[in-house]
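Participant: Before we start, here is the structure in question, set down as structure tokens.
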Amino acid sequence: MQTTYRLKGNAFYYIIFAPAFLLILFLTIYPVFSVLVNSLYKYNFLSEGKTFIGLHNFKQILGEGIFRTAFVNTVIFSLVATITEATLGVALALLFYGRFAGKRAAMTTVIFPMMISTMVICAIWKTMYHYDIGVLNYLLTSLGFGRVGWLTDQSIALVSVMIVDVWQWTPFAFIIVQAGLNSVPTELFEAAHIDGAGYFGTLFHITIPILANQILLVFLLRTIDTFRIFDKVYALTQGGPGNATETVSYFIYREGFSFFNLGRASAASVYTLLVIAVIATLYIRNILKEES
Amino acid sequence: MNRRALLILVTIVVAAGMVFASGSSEQTAGGQKVTLTIAGRDGAYGDAMQLAADEYSKQNPNVSFEILKLSGSNLLEKTVIDLRSGTGTYDLIMIDDPIAPRMQQAGWLANLDEMYAAHNQKVDPDLINNVVKLGRYPYGDSGTLYALPHVGNVELFAYRTDLAEKYGYSSLDKWDQVLELAKKMKAGESDVTPILFRGAKGNPIVTGFLPIYWSFGAKILDNGKPAFNTPQAKNALDFFLELSKYAPNGVSMYQSAQVRDALYSGAGGVAIEVWPGWIGDLDNPEKSKVVGKVKVTNHPGEVNPSSPLIGVWLLGIPKDSKNKEEAFKFLQFVTSKAMQREIADKTGIPPTRVSVHKDSALVEKYPWYPAELQGLETGVARPRTDYWSEIETALGGFLQQALIGDLTAAQALEQTQQKVQEIIQ
């Protein structure tokens, strides 16, 4: 009797949630399914031809040097940018911990890059990186160093794009870590201090372990975001010089929106999806483990 | 909400739906009110289109315009998606000439020959025939007309006459002379970079290279097959790489802004590629430090005569446009002699008519018009193939790798040959 009553009660919730659930299903599962299906076809949006070719797109793009370079660049970009942003984010959060005069103004300044449009940021950095008239080379030459081809030297171009990403998104890591830090009772640090713990002892044995979840969250979100890096490459280098800043997202964009080869673009998207799914699963599993 | 209120609400929604579903035309007391939606380019192209639209609205008050001013890539994305889905959002679209064959082949554009015939009219012979052909499918004089040339873009060549004369050149007719001059400038002019071009990968570097490539007798496709593994192609790329030794440090990321800045500031000696839109203020003392010192002319030749690249923007009417008739009238208006003259005068956009290129007032204002006309009449169109975007990207990538020293000329051409072969297959 009670079970029937509970089922009836639950049925009501199922019914009212069903439209939203179906909508979410349509908006998430359908596009992914559609990409999976398209990846199995030779499909050009312009010519309208669609021929089933199985896994050929996957094999073909994996065999192409440019895709492999794009993939390696993306992994390097994602790793370096994420680690740097998380480290700097933690450092900034520690720097801003506690009360001091001008904290609000300083925080606003630090957070500012995150609030500007990426295209505007890229335009500013592109000017700063300019070989002849850029402020960075001006400073270098003023100090007696040679000019650097920030966006024109193959060995530096990817680092230059990373610097822009780190500049823009370190504030994001800072905000998340700082929110975690502010939720820690100050008594904990006071007790550690009374027990004779030094700054670094407190930092490595108390602060960072407590902030582990926030730091993992930063890693999760920034890894996913940096793995999809597109806008900065598009605005700063367009994949050049050579293939030095080619990334998987830029490869997908070119295949999809310049050549309209939706089959190949979908296959490359599936590779990206798989990598992001694996990374996200690892992180989320870790976060859940910590919680349990 | 009671049933009556619900019924009223549904009626209003249905009525509103019918109004909006009927497209952008509606009957008014003054006649058929029409809104033409144009997908066009940004910058001066957008200004030119706006000028024509405003003038047309003045003459035809029942016609208003919605003009989308988009970047080249954004325009392509938006128009392809709309044309493919057949929604008829746009009444006129600007088309970069290499993409036209795909749109024409897919049957997405209205047949202008039929529209001309319905109005007992013919294409005005004043429009330069070499560029009218680009709007026909199949390409040539007898193909069906799907688009009219709107912007007469053709690649030009610019050099500092003061420096050329200083080193003994009254004109630069052969590419070898350009290289000799570059060497002399390098030795004698410490504050001048002898050679300028766009070295960014993809379209920019390809566009800068093709006039050399073609004039050395090389071809992109020969009977539909890639032709990058020929001695002519090798000679052309060897020459281009030799010339690039006299280009600025970082030329591999140069875009139009950098070439223009260097030219206007007097920091460049020879620009192997300039476009009409870049050079309008060369003789404006407020913007240029080289007033009267730069000659804009046709490219030098080598084995073949001067072989500039034609980069015309066409205007076509989507087959699914809901206002084809009005769009056709506006298309004729915007490409008319009077309007082209007005656009050229006020925005600097290059015309596609012979008579406008010969207008004495305009020639005085734009002294390169005779060269531009010659370029449009004799210039080379990019191959009419479905795969031009892919070919250009492949060639542009390998060319840049050769430019920055990652590949030799032979390797770059061999890899382009292989890649283009794959693309075409």
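Identifiers for the structure tokens are assigned positionally: chains receive A, B, ... in sequence, residues are indexed from 1 per chain, and ligands are indexed from 1 in the order shown.
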Residues of chain B no more than 10 Å from chain A, counting only C-alpha atoms: send them over as a VMD selection string.
Facilitator: chain B and resid 73 to 74 76 to 78 80 to 81 83 to 84 102 to 103 105 to 106 199 to 202 248 to 254 258 386 to 391 393 396 to 407 419
Participant: Write a file of the just-selected residues containing N, CA and C atoms, as a CSV table (one decimal), in the first residue's frame.
Facilitator:
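Here's the written file out-v8.csv:
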```csv
chain,number,residue,atom,x,y,z
B,73,SER,N,35.2,34.9,-43.7
B,73,SER,CA,34.9,33.5,-43.2
B,73,SER,C,33.5,33.5,-42.7
B,74,ASN,N,33.1,34.5,-42.0
B,74,ASN,CA,31.7,34.5,-41.4
B,74,ASN,C,30.7,34.6,-42.5
B,76,LEU,N,30.9,33.4,-45.5
B,76,LEU,CA,30.9,32.1,-46.1
B,76,LEU,C,30.0,31.1,-45.3
B,77,GLU,N,30.3,31.1,-44.0
B,77,GLU,CA,29.6,30.1,-43.1
B,77,GLU,C,28.1,30.4,-43.1
B,78,LYS,N,27.8,31.7,-43.0
B,78,LYS,CA,26.3,32.1,-42.9
B,78,LYS,C,25.6,31.8,-44.2
B,80,VAL,N,26.4,29.7,-46.7
B,80,VAL,CA,26.4,28.3,-47.1
B,80,VAL,C,25.3,27.6,-46.2
B,81,ILE,N,25.2,27.9,-44.9
B,81,ILE,CA,24.2,27.3,-44.1
B,81,ILE,C,22.8,27.7,-44.6
B,83,LEU,N,21.9,28.8,-47.6
B,83,LEU,CA,21.6,28.4,-49.0
B,83,LEU,C,21.3,26.9,-49.0
B,84,ARG,N,22.1,26.2,-48.1
B,84,ARG,CA,21.9,24.7,-48.1
B,84,ARG,C,20.5,24.3,-47.5
B,102,ARG,N,31.0,26.2,-56.6
B,102,ARG,CA,30.3,25.2,-55.8
B,102,ARG,C,28.8,25.7,-55.5
B,103,MET,N,28.6,26.9,-55.4
B,103,MET,CA,27.3,27.4,-55.2
B,103,MET,C,26.4,27.3,-56.4
B,105,GLN,N,27.0,25.1,-58.9
B,105,GLN,CA,26.9,23.7,-59.2
B,105,GLN,C,25.7,23.1,-58.3
B,106,ALA,N,25.7,23.6,-57.0
B,106,ALA,CA,24.7,23.1,-56.1
B,106,ALA,C,23.3,23.6,-56.4
B,199,GLY,N,52.9,37.0,-45.5
B,199,GLY,CA,53.5,35.6,-45.4
B,199,GLY,C,52.7,34.7,-44.5
B,200,ALA,N,51.6,35.2,-43.9
B,200,ALA,CA,50.7,34.3,-43.1
B,200,ALA,C,50.2,33.1,-43.8
B,201,LYS,N,50.1,32.0,-43.2
B,201,LYS,CA,49.8,30.8,-43.9
B,201,LYS,C,48.4,30.8,-44.4
B,202,GLY,N,48.2,30.0,-45.4
B,202,GLY,CA,46.8,30.0,-46.1
B,202,GLY,C,46.7,31.0,-47.2
B,248,PRO,N,60.9,41.5,-44.5
B,248,PRO,CA,61.1,41.8,-43.0
B,248,PRO,C,61.2,40.5,-42.2
B,249,ASN,N,61.9,40.7,-41.1
B,249,ASN,CA,61.9,39.6,-40.1
B,249,ASN,C,60.5,39.4,-39.6
B,250,GLY,N,60.0,38.2,-39.6
B,250,GLY,CA,58.6,38.0,-39.1
B,250,GLY,C,57.6,38.1,-40.2
B,251,VAL,N,58.1,38.1,-41.5
B,251,VAL,CA,57.1,38.2,-42.6
B,251,VAL,C,56.2,37.0,-42.6
B,252,SER,N,56.5,35.9,-42.0
B,252,SER,CA,55.7,34.7,-42.0
B,252,SER,C,54.4,35.0,-41.3
B,253,MET,N,54.3,36.1,-40.5
B,253,MET,CA,53.0,36.4,-39.9
B,253,MET,C,52.4,37.7,-40.4
B,254,TYR,N,53.0,38.2,-41.5
B,254,TYR,CA,52.5,39.5,-42.0
B,254,TYR,C,51.1,39.3,-42.7
B,258,GLN,N,50.2,44.9,-41.9
B,258,GLN,CA,51.7,45.1,-41.8
B,258,GLN,C,52.2,45.5,-43.1
B,386,ASP,N,35.9,22.6,-57.2
B,386,ASP,CA,35.2,22.5,-55.9
B,386,ASP,C,36.1,22.5,-54.7
B,387,TYR,N,37.4,22.2,-55.0
B,387,TYR,CA,38.3,22.0,-53.8
B,387,TYR,C,39.3,23.2,-53.6
B,388,TRP,N,38.9,24.4,-54.1
B,388,TRP,CA,39.9,25.4,-54.1
B,388,TRP,C,40.3,25.8,-52.6
B,389,SER,N,39.3,25.8,-51.7
B,389,SER,CA,39.7,26.1,-50.3
B,389,SER,C,40.7,25.1,-49.7
B,390,GLU,N,40.5,23.9,-50.0
B,390,GLU,CA,41.4,22.8,-49.5
B,390,GLU,C,42.8,23.0,-50.2
B,391,ILE,N,42.8,23.2,-51.5
B,391,ILE,CA,44.0,23.3,-52.2
B,391,ILE,C,44.8,24.5,-51.7
B,393,THR,N,44.6,26.0,-48.8
B,393,THR,CA,45.1,25.8,-47.4
B,393,THR,C,46.3,24.9,-47.5
B,396,GLY,N,49.2,26.8,-49.0
B,396,GLY,CA,49.6,27.9,-48.1
B,396,GLY,C,50.3,27.4,-46.9
B,397,GLY,N,50.0,26.2,-46.5
B,397,GLY,CA,50.7,25.6,-45.3
B,397,GLY,C,52.1,25.3,-45.7
B,398,PHE,N,52.3,24.5,-46.8
B,398,PHE,CA,53.6,24.1,-47.2
B,398,PHE,C,54.5,25.2,-47.7
B,399,LEU,N,53.9,26.2,-48.3
B,399,LEU,CA,54.6,27.4,-48.7
B,399,LEU,C,55.2,28.1,-47.5
B,400,GLN,N,54.4,28.2,-46.5
B,400,GLN,CA,54.9,28.9,-45.3
B,400,GLN,C,56.0,28.1,-44.6
B,401,GLN,N,55.9,26.8,-44.6
B,401,GLN,CA,56.9,25.9,-44.0
B,401,GLN,C,58.2,26.1,-44.8
B,402,ALA,N,58.1,26.3,-46.1
B,402,ALA,CA,59.3,26.6,-46.9
B,402,ALA,C,59.9,28.0,-46.6
B,403,LEU,N,59.0,28.9,-46.4
B,403,LEU,CA,59.4,30.3,-46.1
B,403,LEU,C,60.2,30.3,-44.7
B,404,ILE,N,59.7,29.6,-43.8
B,404,ILE,CA,60.4,29.6,-42.5
B,404,ILE,C,61.5,28.6,-42.3
B,405,GLY,N,61.8,27.9,-43.5
B,405,GLY,CA,62.9,27.0,-43.5
B,405,GLY,C,62.7,25.6,-43.0
B,406,ASP,N,61.4,25.2,-42.8
B,406,ASP,CA,61.1,23.9,-42.3
B,406,ASP,C,61.2,22.9,-43.5
B,407,LEU,N,60.9,23.3,-44.7
B,407,LEU,CA,61.0,22.5,-45.8
B,407,LEU,C,61.8,23.2,-46.9
B,419,LYS,N,49.3,16.1,-51.3
B,419,LYS,CA,48.1,16.5,-50.6
B,419,LYS,C,47.0,16.9,-51.5
```
Participant: Neighbours of B:Ser288 within 12 Å (only C-alpha atoms; same-chain residues fewer than 5 positions away dropped), as a list in words?
Facilitator: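 Residues meeting the cut-off are Arg260, Asp261, Ala262, Leu263, Tyr264, Ser265, Gly266, Ala267, Trp278, Ile279, Gly280, Asp281, Leu282, Asp283, Lys293 and Val294 of chain B.
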Participant: Go ahead and write the residues just picked, N, CA and C atoms, as a compact mmCIF listing (two decimals), in the first residue's frame.
Facilitator:
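Done, and the output landed in selection_21.txt:
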```txt
# COMPACT_ATOMS: atom_id res chain seq x y z
N ARG B 260 50.65 47.15 -45.46
CA ARG B 260 50.17 48.51 -45.68
C ARG B 260 50.96 49.51 -44.83
N ASP B 261 51.14 49.17 -43.55
CA ASP B 261 51.88 50.08 -42.66
C ASP B 261 53.28 50.34 -43.18
N ALA B 262 53.95 49.25 -43.59
CA ALA B 262 55.33 49.39 -44.06
C ALA B 262 55.38 50.24 -45.33
N LEU B 263 54.39 50.03 -46.19
CA LEU B 263 54.37 50.77 -47.45
C LEU B 263 54.10 52.26 -47.20
N TYR B 264 53.10 52.53 -46.37
CA TYR B 264 52.72 53.92 -46.09
C TYR B 264 53.79 54.68 -45.32
N SER B 265 54.51 53.96 -44.45
CA SER B 265 55.51 54.65 -43.61
C SER B 265 56.83 54.83 -44.34
N GLY B 266 56.94 54.26 -45.51
CA GLY B 266 58.19 54.37 -46.27
C GLY B 266 59.21 53.32 -45.88
N ALA B 267 58.78 52.35 -45.05
CA ALA B 267 59.72 51.33 -44.59
C ALA B 267 59.87 50.18 -45.59
N TRP B 278 43.88 48.73 -50.40
CA TRP B 278 44.98 49.09 -49.49
C TRP B 278 45.63 50.42 -49.85
N ILE B 279 45.45 50.86 -51.07
CA ILE B 279 46.35 51.90 -51.59
C ILE B 279 45.69 53.25 -51.81
N GLY B 280 44.42 53.36 -51.40
CA GLY B 280 43.66 54.57 -51.67
C GLY B 280 44.29 55.85 -51.10
N ASP B 281 45.04 55.73 -50.00
CA ASP B 281 45.58 56.93 -49.34
C ASP B 281 47.08 57.08 -49.52
N LEU B 282 47.65 56.37 -50.48
CA LEU B 282 49.11 56.45 -50.66
C LEU B 282 49.57 57.88 -50.95
N ASP B 283 48.70 58.65 -51.61
CA ASP B 283 49.09 60.02 -51.92
C ASP B 283 48.40 61.04 -51.01
N LYS B 293 55.72 58.96 -54.36
CA LYS B 293 56.93 58.15 -54.51
C LYS B 293 56.64 56.68 -54.80
N VAL B 294 55.37 56.31 -54.79
CA VAL B 294 55.05 54.90 -55.01
C VAL B 294 54.27 54.74 -56.30
```
Participant: Atom CA of B:Gly217 to atom CA of B:Val296: how many Å, to one decimal?
Facilitator: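 According to the coordinates, atom CA of B:Gly217 and atom CA of B:Val296 are separated by 23.5 Å.
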Participant: Mind giving me the straight-line distance from atom CA of A:Ile194 to atom CA of A:Leu88 in Å, one decimal?
Facilitator: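 These two atoms are separated by 28.6 Å.
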Participant: Tell me, which residues of stretch 79-224 of chain B carry DSSP strand (DSSP E or B), written as a VMD selection string?
Facilitator: chain B and resid 92 to 96 109 127 136 to 137 144 to 145 147 to 151 154 156 to 160 174 193 to 196 221 to 222
Participant: If DSSP is run on the backbone, what residues of stretch 138-267 of chain B are alpha helix (DSSP H)? A reply as a ChimeraX atom specification would be ideal.
Facilitator: /B:161-166,175-188,203-215,231-244,256-265
Participant: For B:Lys184, which residue out of B:Lys166, B:Asp96, B:Gln332, B:Thr385 is the nearest one, using only C-alpha atoms?
Facilitator: B:Lys166
Participant: Excluding B:Glu377 and its own-chain neighbours fewer than 4 positions away, which residues fall within 10 Å of it when counting only C-alpha atoms? Please give them as a list of chain:residue names.
Facilitator: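 My reading of the contact set: B:Ile128, B:Asn129, B:Asn130, B:Val131, B:Val154, B:Ile310, B:Thr352, B:Val354, B:Ala371, B:Glu372, B:Leu373.
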Participant: Write out as a ChimeraX atom specification each polymer residue whose atoms come within 9 Å of B:Arg341, counting only C-alpha atoms; drop sequence neighbours fewer than 4 positions from it.
Facilitator: /B:336-337,345-346,351,356-357,359,362
Participant: A:Leu274: which residues within 12 Å, counting only C-alpha atoms, same-chain residues fewer than 6 positions away excluded, as a PyMOL selection string?
Facilitator: chain A and resi 32+36+224+227+267-268+280-281
Participant: Mind dumping the selected residues with N, CA and C atoms as a compact mmCIF listing (two decimals), in the first residue's frame?
Facilitator:
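Writing done, so here's selection.txt:
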```txt
# COMPACT_ATOMS: atom_id res chain seq x y z
N VAL A 32 25.66 14.81 -29.90
CA VAL A 32 26.79 13.88 -29.81
C VAL A 32 26.55 12.69 -30.74
N LEU A 36 28.71 11.50 -33.99
CA LEU A 36 29.20 10.12 -34.14
C LEU A 36 28.78 9.53 -35.49
N ILE A 224 39.65 21.02 -19.47
CA ILE A 224 38.62 20.88 -20.53
C ILE A 224 38.65 22.12 -21.43
N PHE A 227 41.85 22.38 -23.53
CA PHE A 227 41.92 21.34 -24.56
C PHE A 227 41.11 21.74 -25.80
N ALA A 267 34.86 13.40 -37.10
CA ALA A 267 35.81 12.39 -36.60
C ALA A 267 36.83 13.04 -35.65
N ALA A 268 37.32 14.22 -36.03
CA ALA A 268 38.28 14.92 -35.15
C ALA A 268 37.58 15.32 -33.85
N ALA A 280 37.91 14.11 -17.78
CA ALA A 280 36.84 14.49 -16.86
C ALA A 280 36.52 13.34 -15.91
N THR A 281 36.49 12.12 -16.44
CA THR A 281 36.17 10.97 -15.59
C THR A 281 37.23 10.81 -14.49
```
Participant: For A:Thr226, list every protein, DNA or RNA residue within 12 Å, evaluated using only C-alpha atoms, and leave out those in the same chain fewer than 5 positions away; present the list as a CSV table (one decimal) with N, CA and C atoms, in the first residue's frame.
Facilitator:
```csv
chain,number,residue,atom,x,y,z
A,73,ASN,N,50.3,19.6,-29.9
A,73,ASN,CA,50.3,21.0,-29.5
A,73,ASN,C,49.1,21.2,-28.5
A,74,THR,N,48.0,20.6,-28.7
A,74,THR,CA,46.8,20.8,-27.8
A,74,THR,C,47.2,20.2,-26.5
A,75,VAL,N,47.7,19.0,-26.4
A,75,VAL,CA,48.1,18.4,-25.2
A,75,VAL,C,49.1,19.2,-24.4
A,76,ILE,N,50.1,19.7,-25.1
A,76,ILE,CA,51.2,20.5,-24.5
A,76,ILE,C,50.5,21.8,-23.9
A,77,PHE,N,49.7,22.4,-24.8
A,77,PHE,CA,49.1,23.7,-24.4
A,77,PHE,C,48.2,23.5,-23.1
A,78,SER,N,47.4,22.4,-23.2
A,78,SER,CA,46.5,22.1,-22.1
A,78,SER,C,47.2,21.9,-20.8
A,79,LEU,N,48.2,21.0,-20.9
A,79,LEU,CA,49.0,20.7,-19.6
A,79,LEU,C,49.7,21.9,-19.0
A,80,VAL,N,50.5,22.6,-19.9
A,80,VAL,CA,51.3,23.7,-19.4
A,80,VAL,C,50.4,24.9,-18.9
A,81,ALA,N,49.4,25.2,-19.7
A,81,ALA,CA,48.5,26.3,-19.3
A,81,ALA,C,47.7,26.0,-18.0
A,82,THR,N,47.2,24.8,-17.9
A,82,THR,CA,46.4,24.4,-16.7
A,82,THR,C,47.3,24.4,-15.5
A,83,ILE,N,48.4,23.8,-15.6
A,83,ILE,CA,49.3,23.8,-14.4
A,83,ILE,C,49.7,25.2,-14.0
A,84,THR,N,50.1,26.0,-14.9
A,84,THR,CA,50.5,27.3,-14.6
A,84,THR,C,49.4,28.1,-14.0
A,85,GLU,N,48.2,28.1,-14.6
A,85,GLU,CA,47.0,28.8,-14.1
A,85,GLU,C,46.7,28.4,-12.7
A,161,VAL,N,51.0,32.1,-27.1
A,161,VAL,CA,49.6,31.9,-27.0
A,161,VAL,C,49.2,31.4,-25.5
A,162,MET,N,50.1,30.6,-25.0
A,162,MET,CA,49.9,30.1,-23.6
A,162,MET,C,49.9,31.3,-22.6
A,164,VAL,N,49.0,34.3,-23.1
A,164,VAL,CA,47.8,35.1,-23.2
A,164,VAL,C,46.7,34.3,-22.4
A,165,ASP,N,46.6,33.0,-22.5
A,165,ASP,CA,45.6,32.2,-21.9
A,165,ASP,C,45.8,32.3,-20.3
A,166,VAL,N,47.1,32.2,-19.9
A,166,VAL,CA,47.4,32.2,-18.5
A,166,VAL,C,47.0,33.6,-17.9
A,168,GLN,N,44.7,35.6,-19.0
A,168,GLN,CA,43.3,35.7,-19.0
A,168,GLN,C,42.6,34.9,-17.9
A,169,TRP,N,43.1,33.6,-17.7
A,169,TRP,CA,42.3,32.7,-16.9
A,169,TRP,C,42.9,32.3,-15.6
A,218,VAL,N,39.6,23.3,-10.4
A,218,VAL,CA,40.3,24.2,-11.3
A,218,VAL,C,41.0,23.4,-12.4
A,219,PHE,N,41.6,22.3,-12.0
A,219,PHE,CA,42.3,21.5,-13.0
A,219,PHE,C,41.3,20.9,-14.0
A,220,LEU,N,40.2,20.4,-13.5
A,220,LEU,CA,39.1,19.8,-14.4
A,220,LEU,C,38.6,20.9,-15.4
A,221,LEU,N,38.2,22.0,-14.9
A,221,LEU,CA,37.6,23.0,-15.7
A,221,LEU,C,38.6,23.6,-16.7
A,231,ASP,N,39.9,30.1,-29.9
A,231,ASP,CA,39.8,31.5,-30.2
A,231,ASP,C,41.1,32.3,-30.2
A,232,LYS,N,42.0,31.9,-29.3
A,232,LYS,CA,43.3,32.6,-29.3
A,232,LYS,C,44.2,32.3,-30.5
A,233,VAL,N,44.1,31.0,-30.8
A,233,VAL,CA,44.9,30.6,-32.0
A,233,VAL,C,44.3,31.3,-33.3
A,247,THR,N,46.0,23.6,-33.5
A,247,THR,CA,45.4,22.8,-32.4
A,247,THR,C,44.2,22.0,-33.0
A,248,VAL,N,43.7,21.0,-32.2
A,248,VAL,CA,42.7,20.2,-32.7
A,248,VAL,C,41.4,21.0,-33.0
A,249,SER,N,41.1,21.9,-32.1
A,249,SER,CA,39.9,22.7,-32.4
A,249,SER,C,40.0,23.5,-33.7
A,272,THR,N,38.5,14.4,-29.8
A,272,THR,CA,38.5,15.4,-28.7
A,272,THR,C,37.6,15.0,-27.6
A,276,ILE,N,38.6,14.3,-23.7
A,276,ILE,CA,38.0,15.1,-22.6
A,276,ILE,C,37.2,14.3,-21.7
```
Participant: Considering only C-alpha atoms, state which residue in the set A:Phe200, A:Tyr250, A:Phe112, A:Tyr30 is at the smallest distance from A:Tyr234.
Facilitator: A:Tyr250
Participant: Have a look at atom CA of B:Leu148 and atom CA of B:Leu315 and let me know their distance in Å, one decimal.
Facilitator: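 Interatomic distance, atom CA of B:Leu148 to atom CA of B:Leu315: 5.3 Å.
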Participant: Which one of A:Asn38, A:Thr223, A:Thr51, A:Gln178 sits closest to A:Leu95 if you count only C-alpha atoms?
Facilitator: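 Selected residue with least distance to A:Leu95: A:Gln178.
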